[in-house]
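Q: File name data_10.tsv; file contents TSV, C-alpha atoms; full text below.
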```tsv
chain	number	residue	atom	x	y	z
G	372	MET	CA	37.78	6.70	-32.10
G	373	THR	CA	38.05	3.54	-30.02
G	374	ASN	CA	40.39	4.92	-27.40
G	375	LYS	CA	40.49	3.77	-23.84
G	376	GLU	CA	37.94	5.43	-21.55
G	377	GLU	CA	39.91	6.58	-18.49
G	378	THR	CA	38.14	6.39	-15.15
G	379	ILE	CA	37.91	9.81	-13.48
G	380	ALA	CA	36.07	8.55	-10.40
G	381	LYS	CA	34.43	5.30	-9.35
G	382	LYS	CA	32.40	3.90	-6.53
G	383	THR	CA	31.57	0.34	-5.55
G	384	VAL	CA	27.80	0.15	-5.22
G	385	PHE	CA	27.55	-3.53	-4.23
G	386	ASP	CA	29.96	-6.22	-3.09
G	387	GLY	CA	28.26	-9.63	-3.25
G	388	LYS	CA	29.03	-13.31	-3.22
G	389	ILE	CA	29.34	-13.61	-7.02
G	390	ILE	CA	29.51	-10.09	-8.41
G	391	GLN	CA	30.58	-6.59	-7.51
G	392	LEU	CA	28.97	-3.54	-9.08
G	393	GLU	CA	30.97	-0.39	-9.78
G	394	VAL	CA	29.88	2.90	-11.31
G	395	HIS	CA	32.63	4.74	-13.19
G	396	ASP	CA	32.72	8.34	-14.39
G	397	VAL	CA	34.79	8.15	-17.56
G	398	GLN	CA	36.55	10.51	-19.92
G	399	LEU	CA	35.17	10.33	-23.47
G	400	PRO	CA	36.57	11.79	-26.70
G	401	GLU	CA	35.99	15.48	-27.53
G	402	GLY	CA	36.26	16.50	-23.85
G	403	LYS	CA	32.99	14.77	-22.96
G	404	SER	CA	32.38	12.56	-19.96
G	405	GLY	CA	30.08	9.61	-19.35
G	406	VAL	CA	28.93	7.08	-16.78
G	407	ARG	CA	29.62	3.32	-17.09
G	408	GLU	CA	27.93	0.61	-15.02
G	409	VAL	CA	30.44	-2.20	-14.52
G	410	VAL	CA	29.69	-5.65	-13.10
G	411	LYS	CA	32.89	-7.31	-11.86
G	412	HIS	CA	33.01	-11.10	-11.98
G	413	PRO	CA	35.93	-13.44	-11.22
G	414	GLY	CA	35.62	-15.21	-14.58
G	415	ALA	CA	34.45	-18.72	-15.31
G	416	VAL	CA	35.17	-21.81	-17.34
G	417	ALA	CA	32.83	-24.04	-19.33
G	418	VAL	CA	33.52	-27.61	-20.42
G	419	ILE	CA	32.15	-29.39	-23.47
G	420	ALA	CA	32.89	-33.03	-22.73
G	421	VAL	CA	32.67	-35.71	-25.43
G	422	THR	CA	32.79	-39.35	-24.38
G	423	ASP	CA	34.40	-42.09	-26.46
G	424	ASP	CA	30.94	-43.21	-27.57
G	425	GLU	CA	30.12	-39.63	-28.70
G	426	ARG	CA	27.87	-38.53	-25.87
G	427	VAL	CA	27.81	-35.14	-24.16
G	428	PRO	CA	26.84	-34.38	-20.55
G	429	LEU	CA	24.40	-31.49	-20.18
G	430	VAL	CA	23.34	-30.09	-16.84
G	431	ARG	CA	19.78	-28.97	-16.19
G	432	GLN	CA	19.54	-26.27	-13.56
G	433	TYR	CA	17.02	-23.68	-12.42
G	434	ARG	CA	18.45	-20.21	-12.98
G	435	LYS	CA	16.97	-17.50	-10.79
G	436	ALA	CA	17.97	-14.49	-12.92
G	437	PRO	CA	16.04	-15.57	-16.06
G	438	GLU	CA	13.51	-17.53	-13.92
G	439	GLU	CA	13.98	-20.52	-16.20
G	440	SER	CA	15.32	-24.06	-16.06
G	441	LEU	CA	18.21	-24.20	-18.54
G	442	LEU	CA	20.23	-26.95	-20.14
G	443	GLU	CA	23.90	-26.01	-19.96
G	444	ILE	CA	27.33	-27.56	-20.30
G	445	PRO	CA	29.22	-27.95	-17.00
G	446	ALA	CA	30.74	-24.67	-15.86
G	447	GLY	CA	31.77	-22.70	-12.84
G	448	LYS	CA	33.54	-19.70	-11.42
G	449	CYS	CA	37.31	-19.61	-11.06
G	450	GLU	CA	38.32	-19.87	-7.41
G	451	PRO	CA	41.13	-17.59	-6.16
G	452	GLY	CA	44.53	-18.88	-7.25
G	453	GLU	CA	43.06	-21.51	-9.56
G	454	GLN	CA	44.13	-21.78	-13.21
G	455	PRO	CA	41.23	-22.08	-15.69
G	456	ILE	CA	42.22	-25.63	-16.64
G	457	GLN	CA	42.04	-26.66	-12.96
G	458	THR	CA	38.58	-25.08	-12.65
G	459	ALA	CA	37.52	-26.98	-15.76
G	460	GLU	CA	38.70	-30.33	-14.38
G	461	ARG	CA	37.14	-29.67	-10.96
G	462	GLU	CA	33.75	-28.44	-12.21
G	463	LEU	CA	33.34	-31.26	-14.72
G	464	LEU	CA	34.07	-33.83	-12.03
G	465	GLU	CA	31.88	-32.17	-9.37
G	466	GLU	CA	28.86	-31.66	-11.62
G	467	THR	CA	28.94	-34.83	-13.72
G	468	GLY	CA	31.28	-37.30	-12.02
G	469	LEU	CA	33.39	-37.44	-15.20
G	470	GLN	CA	37.16	-37.14	-14.98
G	471	ALA	CA	38.91	-35.74	-18.06
G	472	GLY	CA	42.08	-37.42	-19.31
G	473	SER	CA	42.51	-34.57	-21.78
G	474	LEU	CA	41.44	-30.91	-21.59
G	475	THR	CA	42.00	-28.57	-24.55
G	476	GLU	CA	41.25	-24.84	-24.49
G	477	ILE	CA	39.15	-24.14	-27.60
G	478	GLY	CA	38.22	-20.49	-27.06
G	479	GLY	CA	36.53	-18.06	-24.76
G	480	PHE	CA	34.40	-14.93	-24.70
G	481	TYR	CA	33.11	-12.00	-22.72
G	482	THR	CA	29.48	-12.82	-21.94
G	483	SER	CA	28.25	-9.23	-22.01
G	484	PRO	CA	31.05	-6.70	-22.46
G	485	GLY	CA	28.62	-3.76	-22.46
G	486	PHE	CA	28.26	-4.00	-18.68
G	487	ALA	CA	30.27	-6.97	-17.31
G	488	ASP	CA	33.90	-8.12	-17.30
G	489	GLU	CA	33.01	-11.82	-17.03
G	490	PHE	CA	35.16	-13.91	-19.38
G	491	ILE	CA	34.38	-17.60	-19.91
G	492	THR	CA	37.22	-19.85	-21.07
G	493	VAL	CA	35.93	-22.92	-22.91
G	494	PHE	CA	37.57	-26.34	-22.78
G	495	LEU	CA	36.99	-29.53	-24.74
G	496	ALA	CA	37.26	-32.56	-22.43
G	497	GLU	CA	38.01	-36.02	-23.79
G	498	ASP	CA	39.26	-39.40	-22.54
G	499	LEU	CA	36.57	-39.38	-19.86
G	500	GLN	CA	36.34	-41.76	-16.91
G	501	HIS	CA	33.34	-42.22	-14.61
G	502	LYS	CA	34.01	-41.19	-10.99
G	503	GLU	CA	31.69	-39.78	-8.35
G	504	GLN	CA	29.57	-36.60	-8.66
G	505	ALA	CA	30.19	-34.12	-5.80
G	506	LEU	CA	27.84	-31.17	-5.99
G	507	ASP	CA	28.13	-28.06	-3.82
G	508	GLU	CA	25.70	-27.94	-0.93
G	509	ASP	CA	23.28	-25.47	-2.58
G	510	GLU	CA	23.66	-26.84	-6.13
G	511	TYR	CA	20.56	-28.62	-7.46
G	512	VAL	CA	21.26	-29.98	-10.92
G	513	THR	CA	20.41	-33.05	-12.97
G	514	VAL	CA	22.79	-34.43	-15.59
G	515	GLU	CA	21.50	-35.59	-18.99
G	516	MET	CA	23.71	-37.56	-21.36
G	517	TRP	CA	22.86	-36.47	-24.91
G	518	SER	CA	24.15	-37.96	-28.12
G	519	LEU	CA	26.66	-35.56	-29.67
G	520	ASN	CA	24.71	-35.61	-32.93
G	521	ARG	CA	21.47	-34.53	-31.28
G	522	ALA	CA	23.23	-31.78	-29.30
G	523	LEU	CA	24.96	-30.48	-32.44
G	524	SER	CA	21.80	-30.42	-34.52
G	525	GLU	CA	19.78	-28.63	-31.83
G	526	ALA	CA	22.60	-26.08	-31.51
G	527	MET	CA	22.59	-25.60	-35.28
G	528	GLU	CA	18.87	-24.84	-35.06
G	529	GLY	CA	19.57	-22.17	-32.41
G	530	LYS	CA	17.75	-24.09	-29.67
G	531	PHE	CA	20.21	-23.84	-26.75
G	532	ARG	CA	19.38	-20.74	-24.75
G	533	ASP	CA	22.65	-20.40	-22.81
G	534	ALA	CA	25.63	-18.59	-24.35
G	535	LYS	CA	28.45	-20.96	-23.33
G	536	THR	CA	26.46	-24.05	-24.32
G	537	ALA	CA	25.47	-22.72	-27.74
G	538	TYR	CA	29.00	-21.41	-28.34
G	539	SER	CA	30.68	-24.72	-27.52
G	540	LEU	CA	28.33	-26.89	-29.54
G	541	LEU	CA	28.39	-24.55	-32.54
G	542	TYR	CA	32.19	-24.53	-32.30
G	543	LEU	CA	32.20	-28.33	-32.50
G	544	ALA	CA	29.63	-28.33	-35.30
G	545	ALA	CA	31.60	-25.80	-37.34
G	546	ASN	CA	34.89	-27.65	-36.77
G	547	LYS	CA	33.26	-31.07	-37.00
G	548	HIS	CA	35.46	-32.58	-39.65
G	549	SER	CA	38.75	-31.66	-38.00
G	550	ILE	CA	37.82	-32.28	-34.35
G	551	ILE	CA	35.22	-34.98	-34.04
G	552	SER	CA	36.75	-37.28	-36.61
G	553	SER	CA	40.11	-37.20	-34.81
G	554	SER	CA	38.70	-38.19	-31.43
W	1263	MET	CA	15.66	-31.24	-8.37
W	1264	THR	CA	15.42	-28.35	-10.81
W	1265	ASN	CA	12.36	-26.74	-9.31
W	1266	LYS	CA	11.66	-23.06	-9.38
W	1267	GLU	CA	13.34	-21.04	-6.62
W	1268	GLU	CA	10.57	-18.87	-5.14
W	1269	THR	CA	11.55	-15.41	-3.96
W	1270	ILE	CA	10.84	-14.93	-0.25
W	1271	ALA	CA	12.11	-11.35	-0.14
W	1272	LYS	CA	14.00	-9.06	-2.49
W	1273	LYS	CA	15.54	-5.64	-2.55
W	1274	THR	CA	16.70	-3.45	-5.40
W	1275	VAL	CA	20.28	-2.46	-4.64
W	1276	PHE	CA	20.89	-0.31	-7.73
W	1277	ASP	CA	18.75	1.23	-10.45
W	1278	GLY	CA	20.98	2.45	-13.28
W	1279	LYS	CA	20.84	3.55	-16.90
W	1280	ILE	CA	21.44	0.06	-18.32
W	1281	ILE	CA	21.03	-2.41	-15.47
W	1282	GLN	CA	19.22	-2.87	-12.19
W	1283	LEU	CA	20.62	-5.05	-9.43
W	1284	GLU	CA	18.34	-7.05	-7.14
W	1285	VAL	CA	19.19	-9.36	-4.26
W	1286	HIS	CA	16.67	-12.16	-3.70
W	1287	ASP	CA	16.26	-14.44	-0.71
W	1288	VAL	CA	15.02	-17.69	-2.25
W	1289	GLN	CA	13.46	-20.94	-1.13
W	1290	LEU	CA	15.62	-23.97	-1.98
W	1291	PRO	CA	14.75	-27.68	-1.85
W	1292	GLU	CA	14.89	-29.54	1.47
W	1293	GLY	CA	13.63	-26.50	3.39
W	1294	LYS	CA	16.85	-24.58	2.78
W	1295	SER	CA	17.13	-20.96	1.72
W	1296	GLY	CA	19.69	-19.06	-0.35
W	1297	VAL	CA	20.63	-15.67	-1.72
W	1298	ARG	CA	20.67	-14.84	-5.45
W	1299	GLU	CA	22.27	-11.77	-7.00
W	1300	VAL	CA	20.21	-10.80	-10.06
W	1301	VAL	CA	21.19	-8.25	-12.70
W	1302	LYS	CA	18.10	-7.09	-14.61
W	1303	HIS	CA	18.63	-5.99	-18.21
W	1304	PRO	CA	16.03	-5.00	-20.85
W	1305	GLY	CA	17.37	-7.51	-23.38
W	1306	ALA	CA	19.22	-6.86	-26.59
W	1307	VAL	CA	19.51	-7.88	-30.22
W	1308	ALA	CA	22.57	-8.63	-32.33
W	1309	VAL	CA	22.74	-8.61	-36.12
W	1310	ILE	CA	25.02	-10.66	-38.33
W	1311	ALA	CA	24.74	-8.91	-41.69
W	1312	VAL	CA	26.00	-10.52	-44.89
W	1313	THR	CA	26.24	-8.39	-48.03
W	1314	ASP	CA	25.60	-9.71	-51.53
W	1315	ASP	CA	29.37	-9.83	-52.11
W	1316	GLU	CA	29.83	-11.88	-48.90
W	1317	ARG	CA	31.19	-9.24	-46.58
W	1318	VAL	CA	30.30	-8.74	-42.92
W	1319	PRO	CA	30.28	-5.45	-40.96
W	1320	LEU	CA	32.08	-5.65	-37.61
W	1321	VAL	CA	32.10	-2.80	-35.12
W	1322	ARG	CA	35.20	-1.98	-33.08
W	1323	GLN	CA	34.39	-0.36	-29.78
W	1324	TYR	CA	36.13	0.28	-26.47
W	1325	ARG	CA	34.32	-1.59	-23.71
W	1326	LYS	CA	34.80	-0.19	-20.25
W	1327	ALA	CA	33.84	-3.31	-18.26
W	1328	PRO	CA	36.56	-5.57	-19.72
W	1329	GLU	CA	38.85	-2.53	-20.38
W	1330	GLU	CA	39.40	-3.76	-23.90
W	1331	SER	CA	38.66	-2.72	-27.48
W	1332	LEU	CA	36.47	-5.45	-28.96
W	1333	LEU	CA	35.33	-6.38	-32.43
W	1334	GLU	CA	31.60	-7.13	-32.33
W	1335	ILE	CA	28.65	-7.51	-34.64
W	1336	PRO	CA	26.14	-4.61	-34.51
W	1337	ALA	CA	23.90	-4.85	-31.46
W	1338	GLY	CA	21.90	-2.85	-29.00
W	1339	LYS	CA	19.38	-2.77	-26.20
W	1340	CYS	CA	15.68	-3.08	-26.86
W	1341	GLU	CA	13.92	0.24	-26.31
W	1342	PRO	CA	10.57	0.21	-24.47
W	1343	GLY	CA	7.76	-0.95	-26.74
W	1344	GLU	CA	10.13	-2.02	-29.50
W	1345	GLN	CA	9.97	-5.50	-31.04
W	1346	PRO	CA	13.37	-7.26	-31.36
W	1347	ILE	CA	13.21	-7.15	-35.17
W	1348	GLN	CA	12.71	-3.36	-35.04
W	1349	THR	CA	15.70	-3.01	-32.70
W	1350	ALA	CA	17.73	-5.12	-35.11
W	1351	GLU	CA	16.84	-2.96	-38.12
W	1352	ARG	CA	17.47	0.28	-36.18
W	1353	GLU	CA	20.80	-0.73	-34.62
W	1354	LEU	CA	22.22	-2.09	-37.86
W	1355	LEU	CA	21.32	1.13	-39.67
W	1356	GLU	CA	22.55	3.43	-36.88
W	1357	GLU	CA	25.87	1.67	-36.34
W	1358	THR	CA	26.81	0.72	-39.93
W	1359	GLY	CA	24.57	2.71	-42.27
W	1360	LEU	CA	23.28	-0.55	-43.78
W	1361	GLN	CA	19.56	-1.07	-44.28
W	1362	ALA	CA	18.36	-4.67	-44.25
W	1363	GLY	CA	15.86	-5.82	-46.89
W	1364	SER	CA	15.53	-9.11	-45.02
W	1365	LEU	CA	15.93	-9.95	-41.31
W	1366	THR	CA	15.68	-13.55	-40.10
W	1367	GLU	CA	15.78	-14.56	-36.43
W	1368	ILE	CA	18.37	-17.35	-36.18
W	1369	GLY	CA	18.55	-17.87	-32.42
W	1370	GLY	CA	19.26	-16.23	-29.12
W	1371	PHE	CA	20.77	-16.83	-25.70
W	1372	TYR	CA	21.09	-15.72	-22.11
W	1373	THR	CA	24.53	-14.13	-21.85
W	1374	SER	CA	25.14	-15.16	-18.25
W	1375	PRO	CA	22.14	-16.86	-16.64
W	1376	GLY	CA	24.00	-17.40	-13.35
W	1377	PHE	CA	23.53	-13.74	-12.43
W	1378	ALA	CA	21.79	-11.84	-15.25
W	1379	ASP	CA	18.48	-12.05	-17.14
W	1380	GLU	CA	19.88	-10.46	-20.32
W	1381	PHE	CA	18.68	-12.33	-23.42
W	1382	ILE	CA	20.15	-11.51	-26.83
W	1383	THR	CA	18.06	-12.32	-29.89
W	1384	VAL	CA	20.21	-12.84	-32.98
W	1385	PHE	CA	19.17	-11.89	-36.54
W	1386	LEU	CA	20.69	-12.59	-39.92
W	1387	ALA	CA	20.41	-9.49	-42.15
W	1388	GLU	CA	20.55	-9.79	-45.93
W	1389	ASP	CA	19.62	-7.72	-49.01
W	1390	LEU	CA	21.58	-4.78	-47.63
W	1391	GLN	CA	21.53	-1.23	-48.95
W	1392	HIS	CA	23.96	1.56	-48.04
W	1393	LYS	CA	22.33	4.49	-46.22
W	1394	GLU	CA	23.76	6.87	-43.63
W	1395	GLN	CA	25.35	5.90	-40.28
W	1396	ALA	CA	23.68	7.67	-37.30
W	1397	LEU	CA	25.51	6.93	-34.07
W	1398	ASP	CA	24.23	7.91	-30.63
W	1399	GLU	CA	25.90	10.96	-29.16
W	1400	ASP	CA	28.19	9.02	-26.79
W	1401	GLU	CA	28.84	6.08	-29.14
W	1402	TYR	CA	32.41	5.90	-30.47
W	1403	VAL	CA	32.75	3.01	-32.87
W	1404	THR	CA	34.51	2.23	-36.12
W	1405	VAL	CA	33.06	-0.15	-38.69
W	1406	GLU	CA	35.26	-2.71	-40.44
W	1407	MET	CA	33.99	-4.66	-43.46
W	1408	TRP	CA	35.42	-8.20	-43.26
W	1409	SER	CA	35.17	-10.92	-45.84
W	1410	LEU	CA	32.72	-13.55	-44.61
W	1411	ASN	CA	35.31	-16.26	-45.14
W	1412	ARG	CA	37.90	-14.53	-42.94
W	1413	ALA	CA	35.31	-13.86	-40.21
W	1414	LEU	CA	34.14	-17.49	-40.27
W	1415	SER	CA	37.62	-18.93	-40.10
W	1416	GLU	CA	38.67	-16.67	-37.21
W	1417	ALA	CA	35.47	-17.66	-35.37
W	1418	MET	CA	36.24	-21.33	-35.99
W	1419	GLU	CA	39.64	-20.76	-34.38
W	1420	GLY	CA	37.95	-19.26	-31.30
W	1421	LYS	CA	39.39	-15.79	-31.91
W	1422	PHE	CA	36.34	-13.54	-31.40
W	1423	ARG	CA	36.16	-12.55	-27.74
W	1424	ASP	CA	32.54	-11.38	-27.62
W	1425	ALA	CA	29.72	-13.90	-27.05
W	1426	LYS	CA	27.16	-12.65	-29.60
W	1427	THR	CA	29.81	-12.25	-32.31
W	1428	ALA	CA	31.32	-15.70	-31.82
W	1429	TYR	CA	27.84	-17.26	-31.56
W	1430	SER	CA	26.59	-15.71	-34.80
W	1431	LEU	CA	29.67	-16.50	-36.86
W	1432	LEU	CA	29.90	-20.07	-35.53
W	1433	TYR	CA	26.19	-20.48	-36.31
W	1434	LEU	CA	26.84	-19.44	-39.91
W	1435	ALA	CA	29.95	-21.62	-40.14
W	1436	ALA	CA	28.10	-24.67	-38.79
W	1437	ASN	CA	25.11	-24.08	-41.09
W	1438	LYS	CA	27.30	-22.91	-43.97
W	1439	HIS	CA	26.03	-25.25	-46.63
W	1440	SER	CA	22.35	-24.57	-46.08
W	1441	ILE	CA	22.52	-20.83	-45.40
W	1442	ILE	CA	25.39	-19.24	-47.26
W	1443	SER	CA	24.88	-21.14	-50.48
W	1444	SER	CA	21.24	-20.04	-50.66
W	1445	SER	CA	22.02	-16.30	-50.33
```
Can you give me the file's structure in the form of structure tokens?
A:
Amino acid sequence: MTNKEETIAKKTVFDGKIIQLEVHDVQLPEGKSGVREVVKHPGAVAVIAVTDDERVPLVRQYRKAPEESLLEIPAGKCEPGEQPIQTAERELLEETGLQAGSLTEIGGFYTSPGFADEFITVFLAEDLQHKEQALDEDEYVTVEMWSLNRALSEAMEGKFRDAKTAYSLLYLAANKHSIISSS
Amino acid sequence: MTNKEETIAKKTVFDGKIIQLEVHDVQLPEGKSGVREVVKHPGAVAVIAVTDDERVPLVRQYRKAPEESLLEIPAGKCEPGEQPIQTAERELLEETGLQAGSLTEIGGFYTSPGFADEFITVFLAEDLQHKEQALDEDEYVTVEMWSLNRALSEAMEGKFRDAKTAYSLLYLAANKHSIISSS
């Protein structure tokens, strides 16, 4: 009952800077057919960085789609030919000026598999050194250094409104004893 | 630096069954302008249901966008005029046949605020009673009852590949002592 839905026909409706939109006619079980709206995205990484003195950089940024200023962990799209771990190192450095001595993949998720193929790979960054922030030309963000404890308790109260940020902090909170105590 | 990006002009590129796609020309700081690709979505709810004997229903479903069969908690789009808690009750019952005696909002998140306005509100369902599953006509899912402990430990290892599912289970794992022990 959870078989692959073969594409019978598809058309690309939009080819943008960040996403492409395809509409697929698909074969369903019992000889039926259906239509699937598919947003194609190159994939992204997100980085939860924890400094030696247990602080976490969060990036405040206006997001046009939800029309809201959100507090998020550093993140960005994978560039062509780039491995996720390279994207993680680059985005953390560009957005916060922090260079990671250690990057560990802790998980990842489809943001919205009902209509998009975007997968975010999540890294834990440690052994951080201060370098220089280098934002993209049209990137307007401010960095806030939060105490890890405050970030974890707000995440545990469901207060972070961005998927990758809530995921990463809840992951650390749930694994607290094994991860935080070893760093 | 995180000011609102005013829309100067926009056009709707696609108006589908689940999403709409808009392209906005926006005003940026320093007199600059930019283009934002915006996927509009009606919003959704997700339900992490925990039975009295500490089991959790997970729904396995083929997802066309990622071309992958995923294990997810029950979820669905908000219908026009429906409150999130009503969507939660309805989707849980339709997909799993479980009726919730108690529904508590535990959090919520934008799935991908860089290009979409989709917000998922997450509920914890308890005091569950078995009724009859009532899937939509083109919904092909199978329900698996997992032990809560197994679901929590796989989430803590980063194994669930769907945002709402990982979020909800990590939330329960992080809050384990206060939530699970009281149920």
Q: Report the distance between atom CA of Asp509 of chain G and atom CA of Ser539 of chain G in Å, rounded to one decimal place.
A: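 Going from atom CA of Asp509 of chain G over to atom CA of Ser539 of chain G, I get 26.0 Å.
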Q: Of the candidates G:Glu443, G:Glu393, G:Asp423, G:Asp498, which shows the shortest atom-to-atom distance to Lys535 of chain G, using only C-alpha atoms?
A: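 Closest to Lys535 of chain G of all the choices is G:Glu443.
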Q: Can you check which residues of chain G have any atom within 6 Å of chain W? Use only C-alpha atoms and format it as a PyMOL selection string.
A: chain G and resi 372-373+409+432-433+436-437+478+480-482+486-488+511+529+532-534+538+541-542+544-545
Q: Quick one: distance from atom CA of Gly1305 of chain W to atom CA of Glu462 of chain G in Å, one decimal?
A: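 Atom-to-atom, atom CA of Gly1305 of chain W and atom CA of Glu462 of chain G are spaced 28.8 Å apart.
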Q: Rounded to one decimal, what separation in Å do you get between atom CA of Phe1385 of chain W and atom CA of Asp1315 of chain W?
A: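 Those two atoms sit 18.7 Å apart.
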Q: So that I can check the surroundings of Leu429 of chain G, please list as a list in words every protein, DNA and RNA residue that reaches within 10 Å of it, counting all atoms listed in the file and ignoring chain neighbours fewer than 5 positions away.
A: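 What passes the distance filter is Val418, Ile419, Ala420, Leu441, Leu442, Glu443, Ile444, Pro445, Glu466, Thr467, Val512, Thr513, Val514, Glu515, Met516, Trp517, Ala522 and Thr536 of chain G.
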Q: Counting all atoms listed in the file, which residue out of W:Leu1354, W:Ala1271, W:Ala1306, W:Val1321 sits closest to Glu1394 of chain W?
A: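 Between W:Leu1354, W:Ala1271, W:Ala1306, W:Val1321, the residue approaching Glu1394 of chain W most closely is W:Leu1354.
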